[in-house]
$ cat work.cif   # mmCIF, C-alpha atoms
data_start
loop_
_atom_site.label_atom_id
_atom_site.label_comp_id
_atom_site.auth_asym_id
_atom_site.auth_seq_id
_atom_site.Cartn_x
_atom_site.Cartn_y
_atom_site.Cartn_z
CA HIS Y 1 -6.34 -7.75 10.75
CA LEU Y 2 -4.66 -9.09 7.61
CA PRO Y 3 -1.40 -11.04 7.41
CA GLU Y 4 1.76 -9.38 6.09
CA GLY Y 5 1.68 -9.20 2.28
CA ALA Y 6 -2.10 -9.74 2.02
CA ALA Y 7 -3.94 -8.23 -0.94
CA MET Y 8 -5.38 -4.80 -0.09
CA SER Y 9 -7.67 -4.24 -3.05
CA VAL Y 10 -11.24 -3.14 -2.44
CA LYS Y 11 -12.51 -6.45 -3.84
CA GLN Y 12 -10.24 -8.54 -1.59
CA LEU Y 13 -11.19 -6.54 1.49
CA ALA Y 14 -14.89 -6.89 0.65
CA LYS Y 15 -14.41 -10.67 0.60
CA GLN Y 16 -12.80 -10.51 4.06
CA LEU Y 17 -15.51 -8.16 5.40
CA PRO Y 18 -18.81 -9.50 4.01
CA LEU Y 19 -20.93 -7.04 6.03
CA TYR Y 20 -19.56 -4.13 4.01
CA GLY Y 21 -19.76 -3.57 0.28
CA GLN Y 22 -17.01 -2.53 -2.10
CA GLN Y 23 -18.28 1.06 -2.18
CA ALA Y 24 -18.17 1.37 1.62
CA ILE Y 25 -14.68 -0.10 1.80
CA GLY Y 26 -13.42 2.19 -0.98
CA THR Y 27 -14.88 5.20 0.82
CA ALA Y 28 -13.25 4.13 4.10
CA LEU Y 29 -9.84 3.64 2.44
CA ASN Y 30 -10.07 7.08 0.82
CA ALA Y 31 -11.00 8.66 4.16
CA LEU Y 32 -8.03 6.95 5.87
CA SER Y 33 -5.75 8.20 3.12
CA VAL Y 34 -6.98 11.79 3.40
CA ALA Y 35 -6.61 11.64 7.19
CA GLY Y 36 -2.97 10.51 6.85
CA TYR Y 37 -3.22 6.93 8.14
CA LEU Y 38 -2.87 5.21 4.78
CA ARG Y 39 -0.80 5.69 1.65
CA ARG Y 40 -1.19 3.72 -1.58
CA VAL Y 41 1.69 3.84 -4.04
CA ARG Y 42 1.78 2.49 -7.58
CA CYS Y 43 4.97 0.51 -8.21
CA PRO Y 44 6.34 -1.29 -11.28
CA VAL Y 45 6.46 -5.06 -10.91
CA GLY Y 46 8.46 -7.50 -12.96
CA THR Y 47 11.48 -7.29 -15.17
CA GLY Y 48 12.23 -7.57 -18.82
CA ASP Y 49 10.19 -6.23 -21.70
CA GLU Y 50 6.84 -6.32 -19.91
CA THR Y 51 6.22 -4.06 -16.94
CA ARG Y 52 3.12 -4.44 -14.80
CA TRP Y 53 1.95 -2.10 -12.09
CA ALA Y 54 0.77 -2.95 -8.59
CA PHE Y 55 -0.29 -0.87 -5.61
CA ARG Y 56 1.59 -1.12 -2.33
CA THR Y 57 -0.31 -0.03 0.75
CA PHE Y 58 1.37 1.49 3.79
CA TRP Y 59 -0.35 2.00 7.16
CA SER Y 60 0.46 4.17 10.15
CA ARG Y 61 -1.19 4.01 13.57
CA THR Y 62 -0.62 7.76 13.82
CA ALA Y 63 -1.90 10.27 11.28
CA ARG Y 64 1.03 11.59 9.22
CA ASP Y 65 1.38 14.58 6.90
CA ASN Y 66 2.52 14.45 3.27
CA GLU Y 67 6.08 15.46 4.14
CA TRP Y 68 6.44 12.50 6.52
CA TRP Y 69 4.97 10.05 3.99
CA ASN Y 70 7.24 11.32 1.21
CA THR Y 71 10.33 10.91 3.42
CA TYR Y 72 9.24 7.45 4.53
CA LEU Y 73 8.48 6.27 1.00
CA ALA Y 74 11.79 7.65 -0.31
CA THR Y 75 13.60 5.69 2.43
CA GLU Y 76 11.54 2.57 1.65
CA THR Y 77 12.33 2.82 -2.06
CA ALA Y 78 16.04 3.35 -1.37
CA SER Y 79 16.19 0.31 0.92
CA GLN Y 80 14.44 -1.86 -1.70
CA THR Y 81 16.85 -0.88 -4.45
CA ALA Y 82 19.87 -1.35 -2.15
CA ALA Y 83 18.80 -4.81 -0.94
CA PRO Y 84 20.21 -7.68 -3.04
CA THR Y 85 17.69 -9.78 -4.90
CA PRO Y 86 17.59 -13.55 -4.27
CA ASP Y 87 19.10 -14.15 -7.74
CA THR Y 88 22.20 -12.05 -7.01
CA ALA Y 89 22.70 -13.03 -3.37
#
$ encode --input "work.cif" --output "structure tokens"
Amino acid sequence: HLPEGAAMSVKQLAKQLPLYGQQAIGTALNALSVAGYLRRVRCPVGTGDETRWAFRTFWSRTARDNEWWNTYLATETASQTAAPTPDTA
């Protein structure tokens, strides 16, 4: 169990789970993704001239198909763009 907003990279998870290596954790994450429990999305981070990319990870306790994930992620993206940023609020 990781706290909300925790890093979900293979390296960070391997630090949290010392009994498993990075390869095993990467394989497990890929298997969860194929099964429909996990979706990793690459998102732009930052503003201005320099854009960086980060992965956001979404979990589901129930296996979901691609159609469900696409609808959910579209809704998530729409709610993020509609929400005011702290600078404009």
$ closest_residue --input "work.cif" --among "Y:Leu29, Y:Thr51, Y:Asn66, Y:Pro44" --to "Leu13 in chain Y" --atoms "all atoms listed in the file"
Y:Leu29
$ closest_residue --input "work.cif" --among "Y:Gly46, Y:Gly21, Y:Gly26, Y:Gly36" --to "Ala63 in chain Y" --atoms "only C-alpha atoms"
Y:Gly36
$ atom_distance --input "work.cif" --atom1 "CA of Arg56 in chain Y" --atom2 "CA of Val34 in chain Y"
16.5 Å
$ residues_around --input "work.cif" --residues "Asp65 in chain Y" --least-positions-apart "4" --cutoff "12 Å" --atoms "only C-alpha atoms" --output "ChimeraX atom specification"
/Y:33-39,60,69-72
$ residues_around --input "work.cif" --residues "Ala54 in chain Y" --least-positions-apart "6" --cutoff "12 Å" --atoms "only C-alpha atoms" --output "number ranges by chain"
Y: 7-9, 40-46
$ closest_residue --input "work.cif" --among "Y:Thr47, Y:Thr62, Y:Gln12, Y:Thr75" --to "Ile25 in chain Y" --atoms "all atoms listed in the file"
Y:Gln12
$ atom_distance --input "work.cif" --atom1 "CA of Gln16 in chain Y" --atom2 "CA of Leu2 in chain Y"
9.0 Å
$ atom_distance --input "work.cif" --atom1 "CA of Ala74 in chain Y" --atom2 "CA of Lys11 in chain Y"
28.3 Å
$ decode --input "work.cif" --residues "range 52-65 of chain Y" --atoms "all heavy atoms" --output "PDB file, in the first residue's frame"
ATOM      1  N   ARG Y  52       8.132  18.891 -19.653  1.00  0.00           N
ATOM      2  CA  ARG Y  52       8.632  17.588 -19.208  1.00  0.00           C
ATOM      3  C   ARG Y  52       7.475  16.619 -19.210  1.00  0.00           C
ATOM      4  O   ARG Y  52       6.322  17.010 -19.158  1.00  0.00           O
ATOM      5  CB  ARG Y  52       9.252  17.697 -17.821  1.00  0.00           C
ATOM      6  CG  ARG Y  52      10.486  18.561 -17.813  1.00  0.00           C
ATOM      7  CD  ARG Y  52      11.054  18.647 -16.419  1.00  0.00           C
ATOM      8  NE  ARG Y  52      12.173  19.536 -16.399  1.00  0.00           N
ATOM      9  CZ  ARG Y  52      13.411  19.144 -16.156  1.00  0.00           C
ATOM     10  NH1 ARG Y  52      13.661  17.889 -15.884  1.00  0.00           N
ATOM     11  NH2 ARG Y  52      14.393  20.006 -16.166  1.00  0.00           N
ATOM     12  N   TRP Y  53       7.803  15.344 -19.228  1.00  0.00           N
ATOM     13  CA  TRP Y  53       6.781  14.310 -19.270  1.00  0.00           C
ATOM     14  C   TRP Y  53       6.875  13.448 -18.023  1.00  0.00           C
ATOM     15  O   TRP Y  53       7.963  13.145 -17.545  1.00  0.00           O
ATOM     16  CB  TRP Y  53       6.945  13.440 -20.512  1.00  0.00           C
ATOM     17  CG  TRP Y  53       6.693  14.202 -21.756  1.00  0.00           C
ATOM     18  CD1 TRP Y  53       7.599  14.903 -22.501  1.00  0.00           C
ATOM     19  CD2 TRP Y  53       5.436  14.389 -22.402  1.00  0.00           C
ATOM     20  NE1 TRP Y  53       7.004  15.498 -23.570  1.00  0.00           N
ATOM     21  CE2 TRP Y  53       5.668  15.199 -23.542  1.00  0.00           C
ATOM     22  CE3 TRP Y  53       4.149  13.963 -22.149  1.00  0.00           C
ATOM     23  CZ2 TRP Y  53       4.636  15.564 -24.394  1.00  0.00           C
ATOM     24  CZ3 TRP Y  53       3.132  14.337 -23.008  1.00  0.00           C
ATOM     25  CH2 TRP Y  53       3.386  15.124 -24.108  1.00  0.00           C
ATOM     26  N   ALA Y  54       5.736  13.056 -17.508  1.00  0.00           N
ATOM     27  CA  ALA Y  54       5.669  12.172 -16.340  1.00  0.00           C
ATOM     28  C   ALA Y  54       4.588  11.136 -16.601  1.00  0.00           C
ATOM     29  O   ALA Y  54       3.675  11.361 -17.403  1.00  0.00           O
ATOM     30  CB  ALA Y  54       5.348  12.967 -15.090  1.00  0.00           C
ATOM     31  N   PHE Y  55       4.699  10.007 -15.943  1.00  0.00           N
ATOM     32  CA  PHE Y  55       3.673   8.977 -16.043  1.00  0.00           C
ATOM     33  C   PHE Y  55       2.737   9.085 -14.854  1.00  0.00           C
ATOM     34  O   PHE Y  55       3.179   9.221 -13.715  1.00  0.00           O
ATOM     35  CB  PHE Y  55       4.307   7.575 -16.061  1.00  0.00           C
ATOM     36  CG  PHE Y  55       4.846   7.188 -17.396  1.00  0.00           C
ATOM     37  CD1 PHE Y  55       6.187   7.343 -17.680  1.00  0.00           C
ATOM     38  CD2 PHE Y  55       4.016   6.671 -18.369  1.00  0.00           C
ATOM     39  CE1 PHE Y  55       6.693   6.989 -18.912  1.00  0.00           C
ATOM     40  CE2 PHE Y  55       4.510   6.305 -19.605  1.00  0.00           C
ATOM     41  CZ  PHE Y  55       5.849   6.467 -19.885  1.00  0.00           C
ATOM     42  N   ARG Y  56       1.438   9.035 -15.120  1.00  0.00           N
ATOM     43  CA  ARG Y  56       0.432   8.918 -14.073  1.00  0.00           C
ATOM     44  C   ARG Y  56      -0.073   7.490 -14.113  1.00  0.00           C
ATOM     45  O   ARG Y  56      -0.303   6.936 -15.177  1.00  0.00           O
ATOM     46  CB  ARG Y  56      -0.724   9.889 -14.311  1.00  0.00           C
ATOM     47  CG  ARG Y  56      -0.262  11.336 -14.147  1.00  0.00           C
ATOM     48  CD  ARG Y  56      -1.417  12.280 -14.142  1.00  0.00           C
ATOM     49  NE  ARG Y  56      -2.243  12.014 -12.959  1.00  0.00           N
ATOM     50  CZ  ARG Y  56      -3.520  12.372 -12.878  1.00  0.00           C
ATOM     51  NH1 ARG Y  56      -4.107  12.980 -13.862  1.00  0.00           N
ATOM     52  NH2 ARG Y  56      -4.209  12.103 -11.788  1.00  0.00           N
ATOM     53  N   THR Y  57      -0.244   6.913 -12.941  1.00  0.00           N
ATOM     54  CA  THR Y  57      -0.685   5.528 -12.841  1.00  0.00           C
ATOM     55  C   THR Y  57      -2.074   5.485 -12.220  1.00  0.00           C
ATOM     56  O   THR Y  57      -2.314   6.105 -11.194  1.00  0.00           O
ATOM     57  CB  THR Y  57       0.303   4.721 -11.980  1.00  0.00           C
ATOM     58  OG1 THR Y  57       1.617   4.864 -12.536  1.00  0.00           O
ATOM     59  CG2 THR Y  57      -0.068   3.252 -11.951  1.00  0.00           C
ATOM     60  N   PHE Y  58      -2.972   4.748 -12.854  1.00  0.00           N
ATOM     61  CA  PHE Y  58      -4.337   4.590 -12.379  1.00  0.00           C
ATOM     62  C   PHE Y  58      -4.582   3.118 -12.093  1.00  0.00           C
ATOM     63  O   PHE Y  58      -4.210   2.261 -12.885  1.00  0.00           O
ATOM     64  CB  PHE Y  58      -5.344   5.081 -13.427  1.00  0.00           C
ATOM     65  CG  PHE Y  58      -5.195   6.542 -13.744  1.00  0.00           C
ATOM     66  CD1 PHE Y  58      -4.368   6.958 -14.762  1.00  0.00           C
ATOM     67  CD2 PHE Y  58      -5.878   7.490 -13.010  1.00  0.00           C
ATOM     68  CE1 PHE Y  58      -4.221   8.302 -15.061  1.00  0.00           C
ATOM     69  CE2 PHE Y  58      -5.746   8.843 -13.296  1.00  0.00           C
ATOM     70  CZ  PHE Y  58      -4.910   9.241 -14.321  1.00  0.00           C
ATOM     71  N   TRP Y  59      -5.234   2.832 -10.958  1.00  0.00           N
ATOM     72  CA  TRP Y  59      -5.533   1.463 -10.540  1.00  0.00           C
ATOM     73  C   TRP Y  59      -7.031   1.238 -10.521  1.00  0.00           C
ATOM     74  O   TRP Y  59      -7.805   2.159 -10.302  1.00  0.00           O
ATOM     75  CB  TRP Y  59      -5.023   1.214  -9.114  1.00  0.00           C
ATOM     76  CG  TRP Y  59      -3.558   1.173  -8.990  1.00  0.00           C
ATOM     77  CD1 TRP Y  59      -2.736   2.216  -8.695  1.00  0.00           C
ATOM     78  CD2 TRP Y  59      -2.720   0.043  -9.136  1.00  0.00           C
ATOM     79  NE1 TRP Y  59      -1.448   1.798  -8.653  1.00  0.00           N
ATOM     80  CE2 TRP Y  59      -1.403   0.457  -8.923  1.00  0.00           C
ATOM     81  CE3 TRP Y  59      -2.955  -1.289  -9.437  1.00  0.00           C
ATOM     82  CZ2 TRP Y  59      -0.327  -0.399  -8.992  1.00  0.00           C
ATOM     83  CZ3 TRP Y  59      -1.874  -2.144  -9.503  1.00  0.00           C
ATOM     84  CH2 TRP Y  59      -0.581  -1.708  -9.280  1.00  0.00           C
ATOM     85  N   SER Y  60      -7.428   0.002 -10.694  1.00  0.00           N
ATOM     86  CA  SER Y  60      -8.820  -0.402 -10.529  1.00  0.00           C
ATOM     87  C   SER Y  60      -8.828  -1.738  -9.795  1.00  0.00           C
ATOM     88  O   SER Y  60      -8.033  -2.622 -10.097  1.00  0.00           O
ATOM     89  CB  SER Y  60      -9.497  -0.552 -11.895  1.00  0.00           C
ATOM     90  OG  SER Y  60     -10.783  -1.103 -11.741  1.00  0.00           O
ATOM     91  N   ARG Y  61      -9.714  -1.886  -8.832  1.00  0.00           N
ATOM     92  CA  ARG Y  61      -9.827  -3.171  -8.128  1.00  0.00           C
ATOM     93  C   ARG Y  61     -10.477  -4.226  -9.002  1.00  0.00           C
ATOM     94  O   ARG Y  61     -10.382  -5.404  -8.741  1.00  0.00           O
ATOM     95  CB  ARG Y  61     -10.648  -2.997  -6.851  1.00  0.00           C
ATOM     96  CG  ARG Y  61      -9.933  -2.203  -5.800  1.00  0.00           C
ATOM     97  CD  ARG Y  61     -10.827  -2.059  -4.575  1.00  0.00           C
ATOM     98  NE  ARG Y  61     -10.205  -1.220  -3.597  1.00  0.00           N
ATOM     99  CZ  ARG Y  61      -9.616  -1.676  -2.494  1.00  0.00           C
ATOM    100  NH1 ARG Y  61      -9.597  -2.956  -2.259  1.00  0.00           N
ATOM    101  NH2 ARG Y  61      -9.070  -0.847  -1.646  1.00  0.00           N
ATOM    102  N   THR Y  62     -11.163  -3.772 -10.048  1.00  0.00           N
ATOM    103  CA  THR Y  62     -11.835  -4.662 -10.993  1.00  0.00           C
ATOM    104  C   THR Y  62     -11.147  -4.533 -12.343  1.00  0.00           C
ATOM    105  O   THR Y  62     -10.807  -3.429 -12.762  1.00  0.00           O
ATOM    106  CB  THR Y  62     -13.316  -4.253 -11.146  1.00  0.00           C
ATOM    107  OG1 THR Y  62     -13.914  -4.190  -9.852  1.00  0.00           O
ATOM    108  CG2 THR Y  62     -14.065  -5.220 -12.017  1.00  0.00           C
ATOM    109  N   ALA Y  63     -10.956  -5.643 -13.029  1.00  0.00           N
ATOM    110  CA  ALA Y  63     -10.356  -5.596 -14.362  1.00  0.00           C
ATOM    111  C   ALA Y  63     -11.291  -4.836 -15.301  1.00  0.00           C
ATOM    112  O   ALA Y  63     -12.499  -5.048 -15.301  1.00  0.00           O
ATOM    113  CB  ALA Y  63     -10.110  -7.005 -14.887  1.00  0.00           C
ATOM    114  N   ARG Y  64     -10.738  -3.912 -16.076  1.00  0.00           N
ATOM    115  CA  ARG Y  64     -11.519  -3.081 -16.990  1.00  0.00           C
ATOM    116  C   ARG Y  64     -10.991  -3.245 -18.409  1.00  0.00           C
ATOM    117  O   ARG Y  64      -9.804  -3.480 -18.612  1.00  0.00           O
ATOM    118  CB  ARG Y  64     -11.416  -1.609 -16.600  1.00  0.00           C
ATOM    119  CG  ARG Y  64     -11.702  -1.305 -15.150  1.00  0.00           C
ATOM    120  CD  ARG Y  64     -13.150  -1.475 -14.835  1.00  0.00           C
ATOM    121  NE  ARG Y  64     -13.399  -1.070 -13.451  1.00  0.00           N
ATOM    122  CZ  ARG Y  64     -14.577  -0.921 -12.948  1.00  0.00           C
ATOM    123  NH1 ARG Y  64     -15.658  -1.149 -13.672  1.00  0.00           N
ATOM    124  NH2 ARG Y  64     -14.728  -0.562 -11.697  1.00  0.00           N
ATOM    125  N   ASP Y  65     -11.880  -3.064 -19.393  1.00  0.00           N
ATOM    126  CA  ASP Y  65     -11.442  -3.148 -20.785  1.00  0.00           C
ATOM    127  C   ASP Y  65     -10.957  -1.775 -21.264  1.00  0.00           C
ATOM    128  O   ASP Y  65     -11.074  -0.770 -20.558  1.00  0.00           O
ATOM    129  CB  ASP Y  65     -12.563  -3.691 -21.681  1.00  0.00           C
ATOM    130  CG  ASP Y  65     -13.806  -2.809 -21.674  1.00  0.00           C
ATOM    131  OD1 ASP Y  65     -13.789  -1.727 -21.050  1.00  0.00           O
ATOM    132  OD2 ASP Y  65     -14.791  -3.212 -22.312  1.00  0.00           O
TER     133      ASP Y  65
END
